[in-house]
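Novice: My file is model-v5.txt. It has compact mmCIF, C-alpha atoms:
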```txt
# COMPACT_ATOMS: atom_id res chain seq x y z
CA MET A 173 54.97 -18.50 64.34
CA LYS A 174 55.39 -15.11 66.00
CA ASP A 175 53.68 -12.10 64.41
CA GLY A 176 56.70 -9.77 64.65
CA PRO A 177 58.56 -10.95 61.53
CA VAL A 178 55.33 -10.94 59.51
CA ILE A 179 54.49 -7.38 60.57
CA ALA A 180 58.05 -6.26 59.85
CA SER A 181 57.91 -7.82 56.38
CA VAL A 182 54.66 -6.07 55.43
CA ALA A 183 55.84 -2.80 56.95
CA ALA A 184 59.06 -2.94 54.94
CA LEU A 185 57.08 -3.43 51.73
CA ILE A 186 54.72 -0.52 52.44
CA GLY A 187 57.53 1.68 53.75
CA ASP A 188 59.31 2.02 50.42
CA PRO A 189 58.23 5.41 48.93
CA ALA A 190 57.64 4.06 45.42
CA ARG A 191 55.60 1.12 46.67
CA ALA A 192 53.66 3.40 49.04
CA ASN A 193 52.74 5.62 46.08
CA ILE A 194 51.64 2.59 44.08
CA LEU A 195 49.42 1.34 46.89
CA THR A 196 47.93 4.77 47.51
CA ALA A 197 47.09 5.15 43.82
CA LEU A 198 45.05 1.95 44.02
CA MET A 199 43.01 3.00 47.06
CA ASP A 200 40.04 4.05 44.93
CA GLY A 201 39.44 0.43 43.93
CA ARG A 202 40.56 0.81 40.31
CA ALA A 203 42.92 -1.54 38.51
CA LEU A 204 45.91 0.13 36.84
CA THR A 205 48.61 -1.02 34.43
CA VAL A 206 52.33 -1.24 35.12
CA SER A 207 52.95 1.88 33.02
CA GLU A 208 50.32 3.88 34.88
CA LEU A 209 51.69 2.83 38.25
CA ALA A 210 55.26 3.55 37.17
CA GLY A 211 54.17 7.13 36.41
CA VAL A 212 52.53 7.45 39.82
CA ALA A 213 55.60 6.08 41.59
CA GLY A 214 58.05 8.15 39.55
CA VAL A 215 60.10 5.13 38.52
CA THR A 216 60.80 3.21 35.32
CA VAL A 217 58.45 0.49 34.12
CA GLN A 218 61.09 -2.13 34.88
CA THR A 219 61.49 -0.88 38.46
CA ALA A 220 57.73 -0.69 38.91
CA SER A 221 57.42 -4.29 37.71
CA GLY A 222 59.82 -5.38 40.44
CA HIS A 223 57.82 -3.53 43.08
CA LEU A 224 54.55 -5.00 41.82
CA THR A 225 55.95 -8.51 41.94
CA LYS A 226 56.94 -8.06 45.59
CA LEU A 227 53.56 -6.58 46.52
CA SER A 228 51.71 -9.36 44.69
CA ASP A 229 53.83 -12.10 46.25
CA ALA A 230 53.02 -10.64 49.68
CA GLY A 231 49.29 -10.79 48.95
CA LEU A 232 48.77 -7.03 48.97
CA LEU A 233 47.92 -6.86 45.26
CA THR A 234 46.15 -9.06 42.75
CA ALA A 235 46.80 -9.01 39.00
CA GLU A 236 44.49 -9.63 36.07
CA LYS A 237 45.52 -9.93 32.44
CA GLN A 238 43.35 -8.43 29.75
CA GLY A 239 44.64 -8.24 26.21
CA ARG A 240 48.23 -7.03 26.18
CA HIS A 241 48.10 -5.49 29.64
CA ARG A 242 48.19 -6.71 33.22
CA TYR A 243 46.06 -4.75 35.63
CA PHE A 244 46.85 -4.52 39.32
CA ARG A 245 44.50 -3.73 42.19
CA LEU A 246 44.51 -3.98 45.97
CA SER A 247 43.75 -7.50 47.13
CA GLY A 248 41.04 -6.34 49.52
CA ALA A 249 39.43 -3.59 51.53
CA ASP A 250 41.58 -4.48 54.53
CA VAL A 251 44.68 -3.30 52.65
CA ALA A 252 43.04 0.08 52.01
CA GLN A 253 42.03 0.34 55.66
CA VAL A 254 45.61 -0.27 56.81
CA LEU A 255 46.89 2.40 54.41
CA GLU A 256 44.23 4.87 55.57
CA ALA A 257 45.19 4.20 59.19
CA LEU A 258 48.90 4.65 58.43
CA MET A 259 48.19 8.01 56.79
CA GLY A 260 46.41 9.12 59.94
CA LEU A 261 49.25 7.87 62.13
CA ALA A 262 51.81 9.72 60.00
CA GLN A 263 49.84 12.93 60.41
CA ARG A 264 49.28 12.50 64.16
CA THR A 265 52.91 11.74 64.94
CA GLY A 266 54.24 14.63 62.89
CA ALA A 267 55.77 12.53 60.14
CA VAL A 268 53.95 14.76 57.64
CA ARG A 269 54.33 18.45 58.36
CA VAL A 270 51.05 19.65 56.89
CA ARG A 271 47.56 20.10 58.20
CA THR A 272 45.54 16.95 58.81
CA GLY A 273 44.52 15.21 55.62
CA PRO A 274 44.98 16.04 51.94
CA LYS A 275 45.46 19.61 50.76
CA ASP A 276 42.96 19.12 47.93
CA ALA A 277 39.57 20.39 49.13
CA ALA A 278 37.74 17.87 46.95
CA LEU A 279 39.60 14.97 48.54
CA ARG A 280 38.89 16.33 52.00
CA GLU A 281 35.17 16.62 51.32
CA ALA A 282 34.49 13.29 49.60
CA ARG A 283 36.77 10.56 48.30
CA ILE A 284 36.87 6.82 47.77
CA CYS A 285 38.55 4.58 50.33
CA TYR A 286 38.83 1.43 48.20
CA ASP A 287 35.07 1.00 47.63
CA HIS A 288 33.34 3.12 50.26
CA LEU A 289 32.85 6.81 51.02
CA ALA A 290 35.52 8.67 53.01
CA GLY A 291 36.33 12.26 53.91
CA GLU A 292 33.95 14.78 55.50
CA ALA A 293 30.98 13.23 53.72
CA GLY A 294 31.89 9.73 54.89
CA VAL A 295 32.12 10.86 58.50
CA THR A 296 28.83 12.76 58.19
CA LEU A 297 27.16 9.62 56.88
CA PHE A 298 28.52 7.49 59.73
CA ASN A 299 27.55 10.04 62.38
CA GLY A 300 24.09 10.45 60.89
CA LEU A 301 23.42 6.71 60.93
CA THR A 302 24.65 6.47 64.51
CA ALA A 303 22.65 9.51 65.70
CA ARG A 304 19.47 8.10 64.19
CA ASN A 305 20.09 4.76 65.93
CA TYR A 306 20.57 2.92 62.64
CA LEU A 307 24.00 1.68 63.72
CA GLU A 308 25.14 0.43 67.11
CA HIS A 309 28.06 -1.37 68.73
CA SER A 310 27.64 -4.89 70.07
CA GLU A 311 29.12 -6.08 73.37
CA GLN A 312 32.20 -7.19 71.39
CA ASP A 313 32.44 -3.63 69.97
CA ALA A 314 31.46 -4.87 66.52
CA LEU A 315 29.38 -2.52 64.41
CA GLN A 316 25.90 -3.73 63.51
CA LEU A 317 22.62 -2.53 62.04
CA THR A 318 19.64 -1.99 64.32
CA SER A 319 16.12 -3.00 63.31
CA GLU A 320 15.49 0.68 62.51
CA GLY A 321 18.60 0.67 60.36
CA ARG A 322 17.43 -2.36 58.43
CA GLU A 323 14.10 -0.69 57.78
CA PHE A 324 15.85 2.51 56.69
CA PHE A 325 18.11 0.81 54.14
CA SER A 326 15.28 -1.36 52.85
CA GLY A 327 13.36 1.86 52.28
CA LEU A 328 16.29 3.14 50.23
CA GLY A 329 16.07 0.06 48.05
CA LEU A 330 19.16 -1.75 49.35
CA GLU A 331 18.78 -5.50 49.79
CA LEU A 332 20.68 -6.55 52.88
CA LYS A 333 20.50 -10.34 52.64
CA PRO A 334 22.88 -10.62 49.64
CA LEU A 335 25.32 -8.35 51.47
CA GLU A 336 25.13 -10.45 54.63
CA GLY A 337 25.84 -13.59 52.61
CA LYS A 338 29.33 -12.38 51.77
CA ARG A 339 32.46 -13.31 53.71
CA ARG A 340 33.10 -9.63 54.25
CA PRO A 341 31.42 -8.11 57.35
CA LEU A 342 28.27 -6.10 56.66
CA CYS A 343 29.37 -3.09 58.71
CA LEU A 344 32.85 -1.94 59.64
CA HIS A 345 34.12 1.32 61.08
CA CYS A 346 37.12 2.60 59.18
CA LEU A 347 39.21 5.40 60.72
CA ASP A 348 39.22 8.36 58.34
CA TRP A 349 42.75 9.71 58.08
CA SER A 350 41.77 13.29 57.24
CA GLU A 351 38.92 13.60 59.74
CA ARG A 352 40.33 11.34 62.49
CA ARG A 353 36.85 9.95 62.98
CA HIS A 354 35.13 6.87 61.60
CA HIS A 355 33.43 6.37 58.29
CA LEU A 356 31.40 3.33 57.21
CA GLY A 357 33.18 0.41 55.55
CA GLY A 358 32.19 -3.21 54.99
CA SER A 359 29.85 -4.54 52.33
CA LEU A 360 27.17 -2.04 53.40
CA GLY A 361 29.54 0.90 53.01
CA ALA A 362 30.40 -0.30 49.50
CA ALA A 363 26.73 -0.76 48.62
CA VAL A 364 25.83 2.74 49.84
CA LEU A 365 28.56 4.30 47.69
CA ASP A 366 27.46 2.26 44.66
CA MET A 367 23.90 3.45 45.22
CA MET A 368 24.93 7.11 45.38
CA LEU A 369 26.96 6.79 42.19
CA GLU A 370 24.17 4.96 40.35
CA ARG A 371 21.62 7.58 41.39
CA ASN A 372 23.97 10.39 40.35
CA TRP A 373 24.23 11.83 43.84
CA LEU A 374 27.99 11.62 43.43
CA ARG A 375 30.29 11.70 40.43
CA ARG A 376 33.80 10.35 40.26
CA GLU A 377 36.53 12.87 39.58
CA GLN A 378 40.09 12.04 38.60
CA GLY A 379 41.71 9.69 41.08
CA ARG A 380 39.96 9.22 44.43
CA ALA A 381 37.96 12.45 44.51
CA LEU A 382 34.15 12.43 44.46
CA HIS A 383 31.89 15.38 43.63
CA PHE A 384 28.30 15.88 44.81
CA THR A 385 25.73 16.92 42.25
CA SER A 386 23.33 19.64 43.43
CA ALA A 387 20.47 17.14 43.69
CA GLY A 388 22.76 14.57 45.27
CA ARG A 389 23.85 16.95 48.01
CA LYS A 390 20.20 17.53 48.95
CA GLU A 391 19.42 13.82 48.96
CA PHE A 392 22.53 13.02 50.98
CA SER A 393 21.64 15.65 53.57
CA ARG A 394 18.02 14.46 53.74
CA HIS A 395 18.93 10.83 54.33
CA PHE A 396 22.18 10.99 56.28
CA SER A 397 22.59 14.33 58.02
CA CYS A 398 22.44 14.42 61.82
CA ASN A 399 20.12 17.44 61.67
```
Represent the supplied structure as structure tokens.

Specialist:
Amino acid sequence: MKDGPVIASVAALIGDPARANILTALMDGRALTVSELAGVAGVTVQTASGHLTKLSDAGLLTAEKQGRHRYFRLSGADVAQVLEALMGLAQRTGAVRVRTGPKDAALREARICYDHLAGEAGVTLFNGLTARNYLEHSEQDALQLTSEGREFFSGLGLELKPLEGKRRPLCLHCLDWSERRHHLGGSLGAAVLDMMLERNWLRREQGRALHFTSAGRKEFSRHFSCN
């Protein structure tokens, strides 16, 4: 089967403004109800239900029932990465006539891309790991940890073996749509964000925005800055 019709089908689903708003609202990894997503999309609950059915049937969303409500979330990190890339493409090609990235300063500095850190902080983290020789590219251009990187993350208290046992790649570079440079995805990127939230380096704001605590900013700079 040729890929063209498949690509066209997915593109048509994402291209609808209401469905695009629904997908973007789910990029922070949360699960939301039909009513919540209808509000985000600016449509009725009935219309939102139709959109959600199409997105679920296409494998872009998964649904989970709890009590009286059904909760929807993105089916995987790859969906978020495609959306992030499309945002960058829209900016680069002039489809959005604003400066690169979101207007909100908090979203530009630090935000969630599905389950890993994005924005200026995400790019800083990626660049810092690369500059310190903790990350490198293989001959196939895949991203991988160096022996120094393994030692570094072990020192931070992150166990790598459970992460490597997952079907998801340990390290992925994800193009940041506001910075136009890479941030760290994969199971390691998710684990690093979880660690920073658990240690109160970062706090979740409303939606996708993240906020550094004063102590967290110092720890982040100490461990991940290029300087």

Novice: Which residues are close to His355 (chain A), i.e. within 9 Å by only C-alpha atoms, leaving aside same-chain residues fewer than 5 positions away? Reply as a list of chain:residue names.

Specialist: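 Returned residues: A:His288, A:Leu289, A:Ala290, A:Gly291, A:Glu292, A:Ala293, A:Gly294, A:Val295, A:Thr296, A:Leu297, A:Phe298, A:Asn299, A:Leu344, A:His345, A:Cys346, A:Leu347, A:Asp348, A:Gly361.
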
Novice: Can you tell me which residues surround Met367 (chain A) at a distance of at most 12 Å, considering only C-alpha atoms, apart from same-chain residues fewer than 2 positions away, and format the answer as a VMD selection string?

Specialist: chain A and resid 287 to 289 325 328 to 331 360 to 365 369 to 375 388 391 to 392

Novice: Calculated over all atoms listed in the file, which of the candidates A:Ala203, A:Val182, A:Val251, A:Ala210 has the smallest distance to Glu236 (chain A)?

Specialist: A:Ala203

Novice: Can you tell me how far CA of Leu332 (chain A) sits from CA of Gln253 (chain A), in Å to one decimal?

Specialist: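 These two atoms are separated by 22.6 Å.
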
Novice: CA of Ala190 (chain A) and CA of Arg240 (chain A) are how many Å apart?

Specialist: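 Distance reported for this atom pair: 24.1 Å.
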
Novice: Would you work out the distance separating CA of Arg352 (chain A) from CA of Ile194 (chain A), expressed in Å to one decimal?

Specialist: 23.3 Å

Novice: Measuring atom to atom with all atoms listed in the file, identify which of A:Glu351, A:Asp188, A:Asp250, A:Glu336 is nearest to Tyr286 (chain A).

Specialist: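 Counting all atoms listed in the file, the residue closest to Tyr286 (chain A) is A:Asp250.
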